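So this one's upload.json, JSON, C-alpha atoms and all ligand atoms:
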```
[["chain", "number", "residue", "atom", "x", "y", "z"],
["X", 1, "MET", "CA", 11.61, 53.14, -4.43],
["X", 2, "ALA", "CA", 11.98, 50.51, -1.69],
["X", 3, "ARG", "CA", 13.22, 47.14, -2.85],
["X", 4, "ALA", "CA", 12.95, 43.83, -0.99],
["X", 5, "PHE", "CA", 13.58, 40.17, -1.79],
["X", 6, "VAL", "CA", 13.16, 36.59, -0.66],
["X", 7, "THR", "CA", 16.09, 34.25, -0.95],
["X", 8, "GLY", "CA", 16.47, 30.51, -0.46],
["X", 9, "LEU", "CA", 17.44, 27.36, -2.34],
["X", 10, "PRO", "CA", 15.24, 26.42, -4.08],
["X", 11, "ILE", "CA", 13.07, 29.55, -4.19],
["X", 12, "HIS", "CA", 10.79, 29.13, -7.24],
["X", 13, "HIS", "CA", 8.03, 27.62, -5.04],
["X", 14, "SER", "CA", 7.89, 30.66, -2.75],
["X", 15, "ARG", "CA", 4.53, 32.43, -2.48],
["X", 16, "SER", "CA", 6.14, 35.49, -0.87],
["X", 17, "PRO", "CA", 6.44, 37.51, -4.12],
["X", 18, "LEU", "CA", 2.71, 37.02, -4.68],
["X", 19, "ILE", "CA", 1.87, 38.14, -1.12],
["X", 20, "HIS", "CA", 4.07, 41.25, -1.14],
["X", 21, "GLY", "CA", 3.13, 42.07, -4.74],
["X", 22, "TYR", "CA", -0.55, 42.00, -3.72],
["X", 23, "TRP", "CA", 0.08, 44.40, -0.84],
["X", 24, "LEU", "CA", 2.24, 46.78, -2.90],
["X", 25, "LYS", "CA", -0.61, 47.08, -5.40],
["X", 26, "LYS", "CA", -3.37, 47.25, -2.78],
["X", 27, "TYR", "CA", -1.68, 50.15, -0.96],
["X", 28, "GLY", "CA", -0.56, 51.89, -4.16],
["X", 29, "LEU", "CA", 3.13, 51.78, -3.17],
["X", 30, "VAL", "CA", 6.07, 52.12, -5.49],
["X", 31, "GLY", "CA", 8.36, 49.24, -4.60],
["X", 32, "SER", "CA", 9.47, 45.80, -5.62],
["X", 33, "TYR", "CA", 9.80, 42.35, -4.06],
["X", 34, "GLN", "CA", 11.61, 39.64, -5.98],
["X", 35, "ALA", "CA", 12.69, 36.02, -5.47],
["X", 36, "ILE", "CA", 16.44, 35.49, -5.74],
["X", 37, "GLU", "CA", 17.93, 32.00, -5.64],
["X", 38, "ILE", "CA", 21.25, 31.89, -3.77],
["X", 39, "ALA", "CA", 23.36, 28.84, -2.91],
["X", 40, "PRO", "CA", 24.81, 28.63, 0.64],
["X", 41, "GLU", "CA", 28.36, 29.47, -0.55],
["X", 42, "GLY", "CA", 27.16, 32.76, -2.06],
["X", 43, "PHE", "CA", 24.89, 33.84, 0.78],
["X", 44, "ALA", "CA", 27.34, 35.99, 2.80],
["X", 45, "ASP", "CA", 28.43, 37.94, -0.31],
["X", 46, "PHE", "CA", 24.79, 38.43, -1.26],
["X", 47, "VAL", "CA", 23.99, 39.85, 2.18],
["X", 48, "HIS", "CA", 27.03, 42.14, 2.14],
["X", 49, "SER", "CA", 25.95, 43.59, -1.21],
["X", 50, "LEU", "CA", 22.37, 44.38, -0.17],
["X", 51, "GLN", "CA", 22.77, 48.02, 0.81],
["X", 52, "GLY", "CA", 24.94, 48.77, -2.22],
["X", 53, "ASN", "CA", 22.19, 47.32, -4.40],
["X", 54, "GLY", "CA", 19.55, 49.50, -2.78],
["X", 55, "TYR", "CA", 17.64, 46.84, -0.84],
["X", 56, "ALA", "CA", 15.71, 47.88, 2.25],
["X", 57, "GLY", "CA", 15.76, 44.25, 3.37],
["X", 58, "GLY", "CA", 14.12, 40.95, 2.64],
["X", 59, "ASN", "CA", 13.11, 37.47, 3.65],
["X", 60, "VAL", "CA", 15.37, 34.50, 4.10],
["X", 61, "THR", "CA", 14.26, 30.91, 3.95],
["X", 62, "ILE", "CA", 15.74, 27.40, 3.93],
["X", 63, "PRO", "CA", 18.73, 26.84, 3.97],
["X", 64, "HIS", "CA", 19.86, 30.34, 5.00],
["X", 65, "LYS", "CA", 18.04, 31.09, 8.26],
["X", 66, "GLU", "CA", 20.91, 30.18, 10.59],
["X", 67, "SER", "CA", 23.57, 31.84, 8.39],
["X", 68, "ALA", "CA", 21.44, 34.99, 8.32],
["X", 69, "PHE", "CA", 21.35, 34.94, 12.11],
["X", 70, "ALA", "CA", 25.15, 34.79, 12.24],
["X", 71, "LEU", "CA", 25.54, 37.69, 9.77],
["X", 72, "CYS", "CA", 23.25, 40.15, 11.59],
["X", 73, "THR", "CA", 24.61, 42.67, 14.06],
["X", 74, "ARG", "CA", 21.28, 43.10, 15.88],
["X", 75, "HIS", "CA", 18.47, 40.60, 16.43],
["X", 76, "ASP", "CA", 14.93, 40.92, 17.70],
["X", 77, "GLU", "CA", 13.98, 38.89, 20.76],
["X", 78, "ALA", "CA", 12.31, 36.09, 18.79],
["X", 79, "ALA", "CA", 15.34, 35.60, 16.52],
["X", 80, "GLU", "CA", 17.62, 35.62, 19.55],
["X", 81, "ASP", "CA", 15.62, 32.88, 21.28],
["X", 82, "ILE", "CA", 14.92, 30.81, 18.16],
["X", 83, "GLY", "CA", 18.47, 31.16, 16.78],
["X", 84, "ALA", "CA", 17.27, 31.76, 13.22],
["X", 85, "VAL", "CA", 16.39, 34.82, 11.12],
["X", 86, "ASN", "CA", 13.75, 35.02, 8.38],
["X", 87, "THR", "CA", 13.54, 38.81, 7.99],
["X", 88, "LEU", "CA", 16.37, 41.28, 7.34],
["X", 89, "TRP", "CA", 16.33, 45.08, 7.46],
["X", 90, "PHE", "CA", 18.69, 47.96, 8.15],
["X", 91, "GLU", "CA", 18.71, 50.43, 11.04],
["X", 92, "GLU", "CA", 21.24, 53.27, 10.81],
["X", 93, "GLY", "CA", 23.15, 51.20, 8.27],
["X", 94, "VAL", "CA", 23.32, 48.19, 10.61],
["X", 95, "LEU", "CA", 22.00, 44.80, 9.45],
["X", 96, "CYS", "CA", 19.19, 43.60, 11.71],
["X", 97, "GLY", "CA", 17.49, 40.20, 11.76],
["X", 98, "GLY", "CA", 14.13, 39.14, 13.06],
["X", 99, "ASN", "CA", 12.11, 35.96, 13.18],
["X", 100, "THR", "CA", 8.45, 36.41, 12.27],
["X", 101, "ASP", "CA", 7.51, 32.69, 12.16],
["X", 102, "ALA", "CA", 6.40, 32.68, 15.80],
["X", 103, "TYR", "CA", 4.45, 35.91, 15.24],
["X", 104, "GLY", "CA", 2.79, 34.38, 12.15],
["X", 105, "PHE", "CA", 1.80, 31.29, 14.08],
["X", 106, "VAL", "CA", 0.10, 33.17, 16.93],
["X", 107, "ALA", "CA", -1.35, 36.00, 14.80],
["X", 108, "ASN", "CA", -3.09, 33.45, 12.61],
["X", 109, "LEU", "CA", -4.58, 31.57, 15.57],
["X", 110, "ASP", "CA", -5.61, 34.89, 17.17],
["X", 111, "ALA", "CA", -7.42, 35.77, 13.93],
["X", 112, "VAL", "CA", -9.20, 32.50, 13.22],
["X", 113, "SER", "CA", -9.70, 31.00, 16.67],
["X", 114, "PRO", "CA", -9.79, 33.84, 19.23],
["X", 115, "GLY", "CA", -9.16, 32.58, 22.75],
["X", 116, "TRP", "CA", -7.16, 29.60, 21.43],
["X", 117, "ASP", "CA", -4.49, 30.38, 24.03],
["X", 118, "ARG", "CA", -6.82, 29.72, 26.95],
["X", 119, "ARG", "CA", -5.41, 26.27, 26.36],
["X", 120, "LYS", "CA", -2.12, 25.71, 28.19],
["X", 121, "SER", "CA", -0.94, 22.25, 27.09],
["X", 122, "ALA", "CA", 0.30, 21.29, 23.65],
["X", 123, "LEU", "CA", 1.66, 18.35, 21.69],
["X", 124, "VAL", "CA", 4.16, 19.47, 19.04],
["X", 125, "LEU", "CA", 5.12, 16.99, 16.31],
["X", 126, "GLY", "CA", 8.64, 17.64, 15.03],
["X", 127, "ALA", "CA", 11.80, 19.29, 16.35],
["X", 128, "GLY", "CA", 13.27, 21.18, 13.35],
["X", 129, "GLY", "CA", 13.49, 24.92, 12.70],
["X", 130, "ALA", "CA", 9.73, 25.37, 12.39],
["X", 131, "SER", "CA", 9.18, 23.57, 15.66],
["X", 132, "ARG", "CA", 11.63, 25.91, 17.41],
["X", 133, "ALA", "CA", 9.53, 28.90, 16.36],
["X", 134, "VAL", "CA", 6.27, 27.20, 17.45],
["X", 135, "VAL", "CA", 7.63, 26.14, 20.85],
["X", 136, "TYR", "CA", 8.97, 29.68, 21.42],
["X", 137, "ALA", "CA", 5.54, 31.10, 20.50],
["X", 138, "LEU", "CA", 3.73, 28.72, 22.86],
["X", 139, "LYS", "CA", 6.03, 29.62, 25.75],
["X", 140, "GLN", "CA", 5.44, 33.32, 25.05],
["X", 141, "ARG", "CA", 1.70, 32.70, 25.24],
["X", 142, "GLY", "CA", 1.98, 31.02, 28.62],
["X", 143, "PHE", "CA", 1.75, 27.35, 27.67],
["X", 144, "ASP", "CA", 3.19, 25.48, 30.63],
["X", 145, "ASP", "CA", 3.07, 21.91, 29.28],
["X", 146, "VAL", "CA", 4.57, 21.48, 25.80],
["X", 147, "ARG", "CA", 5.30, 17.91, 24.74],
["X", 148, "ILE", "CA", 7.66, 17.63, 21.79],
["X", 149, "VAL", "CA", 7.78, 14.34, 19.87],
["X", 150, "ASN", "CA", 10.24, 13.69, 17.12],
["X", 151, "ARG", "CA", 11.37, 10.75, 15.00],
["X", 152, "THR", "CA", 14.93, 11.58, 16.12],
["X", 153, "VAL", "CA", 14.35, 12.00, 19.83],
["X", 154, "ASP", "CA", 17.72, 13.70, 20.45],
["X", 155, "ARG", "CA", 16.55, 16.74, 18.49],
["X", 156, "ALA", "CA", 13.41, 16.92, 20.64],
["X", 157, "ARG", "CA", 15.60, 16.71, 23.74],
["X", 158, "GLU", "CA", 17.84, 19.57, 22.52],
["X", 159, "LEU", "CA", 14.80, 21.72, 21.88],
["X", 160, "ALA", "CA", 13.30, 20.96, 25.29],
["X", 161, "ASP", "CA", 16.62, 21.87, 26.94],
["X", 162, "ARG", "CA", 16.76, 25.10, 24.97],
["X", 163, "PHE", "CA", 13.37, 26.30, 26.20],
["X", 164, "GLY", "CA", 13.46, 24.87, 29.71],
["X", 165, "THR", "CA", 10.68, 24.51, 32.25],
["X", 166, "GLY", "CA", 7.46, 22.90, 31.12],
["X", 167, "ILE", "CA", 8.86, 21.59, 27.85],
["X", 168, "SER", "CA", 9.37, 17.83, 27.57],
["X", 169, "SER", "CA", 10.72, 15.54, 24.86],
["X", 170, "HIS", "CA", 9.35, 12.16, 23.82],
["X", 171, "GLU", "CA", 9.70, 9.29, 21.40],
["X", 172, "TRP", "CA", 7.40, 9.27, 18.36],
["X", 173, "ARG", "CA", 5.76, 6.04, 19.52],
["X", 174, "ALA", "CA", 4.54, 7.77, 22.72],
["X", 175, "ILE", "CA", 2.04, 9.87, 20.71],
["X", 176, "PRO", "CA", -1.10, 7.89, 21.71],
["X", 177, "GLU", "CA", -0.39, 8.51, 25.43],
["X", 178, "LEU", "CA", 0.70, 12.12, 24.89],
["X", 179, "LEU", "CA", -2.54, 12.97, 23.10],
["X", 180, "LYS", "CA", -4.44, 12.65, 26.36],
["X", 181, "GLY", "CA", -4.66, 16.09, 27.92],
["X", 182, "ALA", "CA", -3.06, 17.88, 24.96],
["X", 183, "GLU", "CA", -5.36, 20.84, 24.28],
["X", 184, "LEU", "CA", -3.46, 21.94, 21.17],
["X", 185, "ILE", "CA", -1.84, 19.63, 18.59],
["X", 186, "VAL", "CA", 0.60, 21.15, 16.10],
["X", 187, "ASN", "CA", 2.35, 19.43, 13.19],
["X", 188, "THR", "CA", 5.68, 21.06, 12.32],
["X", 189, "THR", "CA", 7.13, 18.09, 10.40],
["X", 190, "SER", "CA", 7.14, 17.70, 6.65],
["X", 191, "LEU", "CA", 4.75, 14.74, 6.97],
["X", 192, "GLY", "CA", 1.69, 15.29, 4.82],
["X", 193, "MET", "CA", 3.45, 17.79, 2.57],
["X", 194, "GLU", "CA", 2.84, 17.27, -1.16],
["X", 195, "GLY", "CA", 5.31, 14.66, -2.41],
["X", 196, "LYS", "CA", 6.30, 13.57, 1.12],
["X", 197, "GLU", "CA", 5.11, 10.72, 3.35],
["X", 198, "ASP", "CA", 1.49, 10.95, 4.49],
["X", 199, "GLY", "CA", 2.17, 10.02, 8.13],
["X", 200, "ALA", "CA", -1.28, 10.91, 9.51],
["X", 201, "VAL", "CA", -1.38, 10.43, 13.26],
["X", 202, "ASP", "CA", -4.28, 8.53, 14.83],
["X", 203, "LEU", "CA", -6.19, 11.22, 16.70],
["X", 204, "SER", "CA", -8.95, 8.99, 18.07],
["X", 205, "LEU", "CA", -7.50, 9.32, 21.59],
["X", 206, "ALA", "CA", -7.29, 13.13, 21.45],
["X", 207, "ASP", "CA", -9.40, 15.28, 23.79],
["X", 208, "ARG", "CA", -12.69, 16.30, 22.18],
["X", 209, "ASP", "CA", -11.93, 20.01, 22.53],
["X", 210, "ALA", "CA", -8.36, 19.79, 21.24],
["X", 211, "LEU", "CA", -7.48, 22.25, 18.48],
["X", 212, "VAL", "CA", -5.38, 20.74, 15.65],
["X", 213, "THR", "CA", -3.18, 22.86, 13.41],
["X", 214, "ASP", "CA", -0.61, 22.11, 10.74],
["X", 215, "ILE", "CA", 2.10, 24.40, 9.46],
["X", 216, "VAL", "CA", 2.12, 22.51, 6.15],
["X", 217, "TYR", "CA", -0.11, 24.38, 3.65],
["X", 218, "VAL", "CA", 0.42, 22.38, 0.45],
["X", 219, "PRO", "CA", -1.96, 20.63, 0.42],
["X", 220, "LEU", "CA", -4.19, 22.90, 2.48],
["X", 221, "GLN", "CA", -6.09, 19.96, 3.94],
["X", 222, "THR", "CA", -3.26, 17.76, 5.15],
["X", 223, "PRO", "CA", -3.84, 14.13, 6.18],
["X", 224, "LEU", "CA", -3.57, 15.26, 9.84],
["X", 225, "LEU", "CA", -6.26, 17.93, 9.43],
["X", 226, "LYS", "CA", -8.53, 15.50, 7.57],
["X", 227, "THR", "CA", -8.16, 12.94, 10.34],
["X", 228, "ALA", "CA", -8.87, 15.64, 12.93],
["X", 229, "ARG", "CA", -12.07, 16.62, 11.17],
["X", 230, "VAL", "CA", -13.23, 13.01, 10.98],
["X", 231, "CYS", "CA", -12.72, 12.90, 14.78],
["X", 232, "GLY", "CA", -14.84, 16.07, 15.12],
["X", 233, "LEU", "CA", -11.93, 18.27, 16.25],
["X", 234, "GLU", "CA", -11.48, 21.98, 15.46],
["X", 235, "THR", "CA", -8.76, 22.55, 12.83],
["X", 236, "VAL", "CA", -6.70, 25.49, 11.57],
["X", 237, "ASP", "CA", -4.74, 25.14, 8.32],
["X", 238, "GLY", "CA", -1.21, 26.42, 7.72],
["X", 239, "LEU", "CA", -1.83, 29.05, 5.04],
["X", 240, "GLY", "CA", -2.72, 31.79, 7.54],
["X", 241, "MET", "CA", 0.66, 31.45, 9.28],
["X", 242, "LEU", "CA", 2.42, 32.04, 5.95],
["X", 243, "LEU", "CA", 0.37, 35.18, 5.31],
["X", 244, "HIS", "CA", 0.71, 36.62, 8.82],
["X", 245, "GLN", "CA", 4.48, 36.01, 9.07],
["X", 246, "ALA", "CA", 4.90, 38.32, 6.05],
["X", 247, "VAL", "CA", 3.25, 41.32, 7.77],
["X", 248, "PRO", "CA", 6.14, 42.65, 9.95],
["X", 249, "GLY", "CA", 8.66, 42.56, 7.09],
["X", 250, "PHE", "CA", 6.37, 44.43, 4.70],
["X", 251, "GLU", "CA", 5.80, 47.11, 7.32],
["X", 252, "ARG", "CA", 9.55, 47.54, 7.91],
["X", 253, "TRP", "CA", 10.49, 47.84, 4.21],
["X", 254, "PHE", "CA", 7.50, 49.69, 2.79],
["X", 255, "GLY", "CA", 6.17, 51.61, 5.82],
["X", 256, "VAL", "CA", 2.57, 50.32, 5.81],
["X", 257, "ARG", "CA", 1.22, 47.61, 8.11],
["X", 258, "PRO", "CA", -0.72, 45.41, 5.66],
["X", 259, "ASP", "CA", -3.92, 43.45, 6.29],
["X", 260, "VAL", "CA", -4.29, 39.73, 5.79],
["X", 261, "THR", "CA", -7.52, 39.76, 3.79],
["X", 262, "PRO", "CA", -9.75, 36.94, 2.53],
["X", 263, "GLU", "CA", -8.91, 38.23, -0.97],
["X", 264, "LEU", "CA", -5.19, 37.58, -0.36],
["X", 265, "ARG", "CA", -5.94, 34.06, 0.86],
["X", 266, "THR", "CA", -8.01, 33.41, -2.28],
["X", 267, "LEU", "CA", -5.19, 34.72, -4.47],
["X", 268, "ILE", "CA", -2.65, 32.34, -2.94],
["X", 269, "LEU", "CA", -5.07, 29.41, -3.08],
["X", 270, "ALA", "CA", -5.63, 30.05, -6.78],
["X", 271, "ASP", "CA", -1.88, 29.67, -7.29],
["X", 272, "MET", "CA", -1.71, 26.24, -5.60],
["G", 301, "LIG", "P1", 12.08, 22.72, 9.25],
["G", 301, "LIG", "O1", 13.15, 23.75, 9.43],
["G", 301, "LIG", "O2", 11.13, 23.02, 8.11],
["G", 301, "LIG", "O3", 11.36, 22.39, 10.51],
["G", 301, "LIG", "P2", 13.80, 20.36, 9.39],
["G", 301, "LIG", "O4", 14.72, 21.03, 10.34],
["G", 301, "LIG", "O5", 14.37, 19.57, 8.27],
["G", 301, "LIG", "O6", 12.84, 21.41, 8.67],
["G", 301, "LIG", "O7", 12.76, 19.45, 10.23],
["G", 301, "LIG", "C1", 11.86, 18.60, 9.62],
["G", 301, "LIG", "C2", 11.06, 17.89, 10.69],
["G", 301, "LIG", "O8", 10.23, 16.91, 10.05],
["G", 301, "LIG", "C3", 11.92, 17.13, 11.69],
["G", 301, "LIG", "O9", 11.26, 17.11, 12.94],
["G", 301, "LIG", "C4", 11.96, 15.73, 11.07],
["G", 301, "LIG", "O10", 12.27, 14.69, 11.96],
["G", 301, "LIG", "P3", 13.81, 14.28, 12.22],
["G", 301, "LIG", "O11", 14.38, 15.32, 13.12],
["G", 301, "LIG", "O12", 13.73, 12.94, 12.82],
["G", 301, "LIG", "O13", 14.46, 14.27, 10.85],
["G", 301, "LIG", "C5", 10.52, 15.62, 10.61],
["G", 301, "LIG", "N1", 10.32, 14.57, 9.61],
["G", 301, "LIG", "C6", 10.70, 14.58, 8.32],
["G", 301, "LIG", "N2", 10.34, 13.43, 7.71],
["G", 301, "LIG", "C7", 9.74, 12.66, 8.66],
["G", 301, "LIG", "C8", 9.15, 11.35, 8.67],
["G", 301, "LIG", "N3", 9.11, 10.60, 7.56],
["G", 301, "LIG", "N4", 8.63, 10.89, 9.83],
["G", 301, "LIG", "C9", 8.65, 11.64, 10.96],
["G", 301, "LIG", "N5", 9.20, 12.89, 11.01],
["G", 301, "LIG", "C10", 9.73, 13.38, 9.88]]
```

For this file, write the structure as structure tokens.
Ligand code: ATR
Amino acid sequence: MARAFVTGLPIHHSRSPLIHGYWLKKYGLVGSYQAIEIAPEGFADFVHSLQGNGYAGGNVTIPHKESAFALCTRHDEAAEDIGAVNTLWFEEGVLCGGNTDAYGFVANLDAVSPGWDRRKSALVLGAGGASRAVVYALKQRGFDDVRIVNRTVDRARELADRFGTGISSHEWRAIPELLKGAELIVNTTSLGMEGKEDGAVDLSLADRDALVTDIVYVPLQTPLLKTARVCGLETVDGLGMLLHQAVPGFERWFGVRPDVTPELRTLILADM
């Protein structure tokens, strides 16, 4: 029986057990996927004990993504470029780490807004770990003008330096100017998340055909997405990214490539 896990601190809010549990049942597989809360000081020991405890692998979330990267012997290309790991598995007894956040971001847009990547310019709000995955994904899809704005502009600058040509960094207050000509607008900050500051950005200056997406999914309709809709812009919510980023891990541990179905989306929504 294959066993997998998700670990983070805190972890009780994670929807991953629900997602993987749904797929295990749907495909009639014998396996398990459990949430395990681990503090940073216990993370390395936890990882070293995985094989002995019969785990095929698992997911890693905040605050362990960078530590997981450091503990892996092999990395996939996305993890290498992003510098963080959210999926662990073993190959010939060797611990491998991948990053499926970028995959989840593009797979969701491919599914719900085919042709979204005909656009080639983007405005990315935020410069944390999630932003790194989004900027990597946009570069992979041929975006040649990615404008990163962040409250702490130094972090935006670091990110722009990391990914090079076509990526620029800007002060938060430059947003109104940067909106002009941005064909895709992505929020990767915690603004709008339940319990956090609202921080909706004024989108009245955005291009009429700009696509607006948020990686925050609680609430599903974030202040940014609501504002976008009032302005008549196309929107994509963040739940799909969460569901799609889970696909590659499930396939590695349990051997079946699962579908992101409307039924799965409904199941997660019912839990919110
Ligand atoms: P994650 O790994 O989820 O991206 P993170 O690294 O903590 O988390 O990044 C959170 C992002 O939200 C950052 O871009 C952060 O801006 P700073 O780098 O200036 O901290 C942004 N953020 C959080 N609260 C914010 C606020 N009140 N206003 C603007 N940006 C905010």

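Nearest residue to ligand LIG 301 (chain G) among X:Leu211, X:Gly199, X:Gly238, X:Arg229 is X:Gly199, counting only C-alpha atoms and all ligand atoms.
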
(Q) From the options X:Val153, X:Ala210, X:Ala228, X:Leu184, which residue's atoms come nearest to ligand LIG 301 (chain G), counting all atoms listed in the file? (A) X:Val153

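What separates atom CA of Leu264 of chain X from atom O3 of ligand LIG 301 (chain G) is a distance of 25.0 Å.
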
Q: Give the residues close to ligand LIG 301 (chain G), within 12 Å, counting all atoms listed in the file; write them as an MDAnalysis selection string.
A: chainID X and resid 61:66 82:86 101 124:135 148:159 170:173 175 186:193 195:201 214:216

Test item: residues at most 8 Å from Ala107 of chain X, all atoms listed in the file, excluding those fewer than 4 positions along its chain, as an mmCIF file with C-alpha atoms, keeping the file's coordinate frame:
```cif
data_model
loop_
_atom_site.group_PDB
_atom_site.id
_atom_site.type_symbol
_atom_site.label_atom_id
_atom_site.label_comp_id
_atom_site.auth_asym_id
_atom_site.auth_seq_id
_atom_site.Cartn_x
_atom_site.Cartn_y
_atom_site.Cartn_z
ATOM 1 C CA TYR X 103 4.450 35.910 15.240
ATOM 2 C CA ALA X 111 -7.420 35.770 13.930
ATOM 3 C CA MET X 241 0.660 31.450 9.280
ATOM 4 C CA HIS X 244 0.710 36.620 8.820
#
```

(Q) With only C-alpha atoms as the counted atoms, please give the residues lying no more than 9 Å from Leu239 of chain X, apart from itself and same-chain residues fewer than 3 positions off, as a PyMOL selection string. (A) chain X and resi 108+215-218+220+236+242-244+265+268-269

Could those selected residues go to a file with C-alpha atoms, as a PDB file, keeping the file's coordinate frame?
```
ATOM      1  CA  ASN X 108      -3.090  33.450  12.610  1.00  0.00           C
ATOM      2  CA  ILE X 215       2.100  24.400   9.460  1.00  0.00           C
ATOM      3  CA  VAL X 216       2.120  22.510   6.150  1.00  0.00           C
ATOM      4  CA  TYR X 217      -0.110  24.380   3.650  1.00  0.00           C
ATOM      5  CA  VAL X 218       0.420  22.380   0.450  1.00  0.00           C
ATOM      6  CA  LEU X 220      -4.190  22.900   2.480  1.00  0.00           C
ATOM      7  CA  VAL X 236      -6.700  25.490  11.570  1.00  0.00           C
ATOM      8  CA  LEU X 242       2.420  32.040   5.950  1.00  0.00           C
ATOM      9  CA  LEU X 243       0.370  35.180   5.310  1.00  0.00           C
ATOM     10  CA  HIS X 244       0.710  36.620   8.820  1.00  0.00           C
ATOM     11  CA  ARG X 265      -5.940  34.060   0.860  1.00  0.00           C
ATOM     12  CA  ILE X 268      -2.650  32.340  -2.940  1.00  0.00           C
ATOM     13  CA  LEU X 269      -5.070  29.410  -3.080  1.00  0.00           C
TER      14      LEU X 269
END
```

Q: Tell me, as a VMD selection string, which residues lie within 9 Å of Arg252 of chain X, counting all atoms listed in the file; anything in the same chain fewer than 5 positions away does not count.
A: chain X and resid 56 to 57 89 247 257

Output C-alpha atoms for every residue in the selection just made, as a PDB file, in the coordinates of the input.
```
ATOM      1  CA  ALA X  56      15.710  47.880   2.250  1.00  0.00           C
ATOM      2  CA  GLY X  57      15.760  44.250   3.370  1.00  0.00           C
ATOM      3  CA  TRP X  89      16.330  45.080   7.460  1.00  0.00           C
ATOM      4  CA  VAL X 247       3.250  41.320   7.770  1.00  0.00           C
ATOM      5  CA  ARG X 257       1.220  47.610   8.110  1.00  0.00           C
TER       6      ARG X 257
END
```

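We find atom CA of Val230 of chain X and atom CA of Ser121 of chain X to be spaced 22.3 Å apart.
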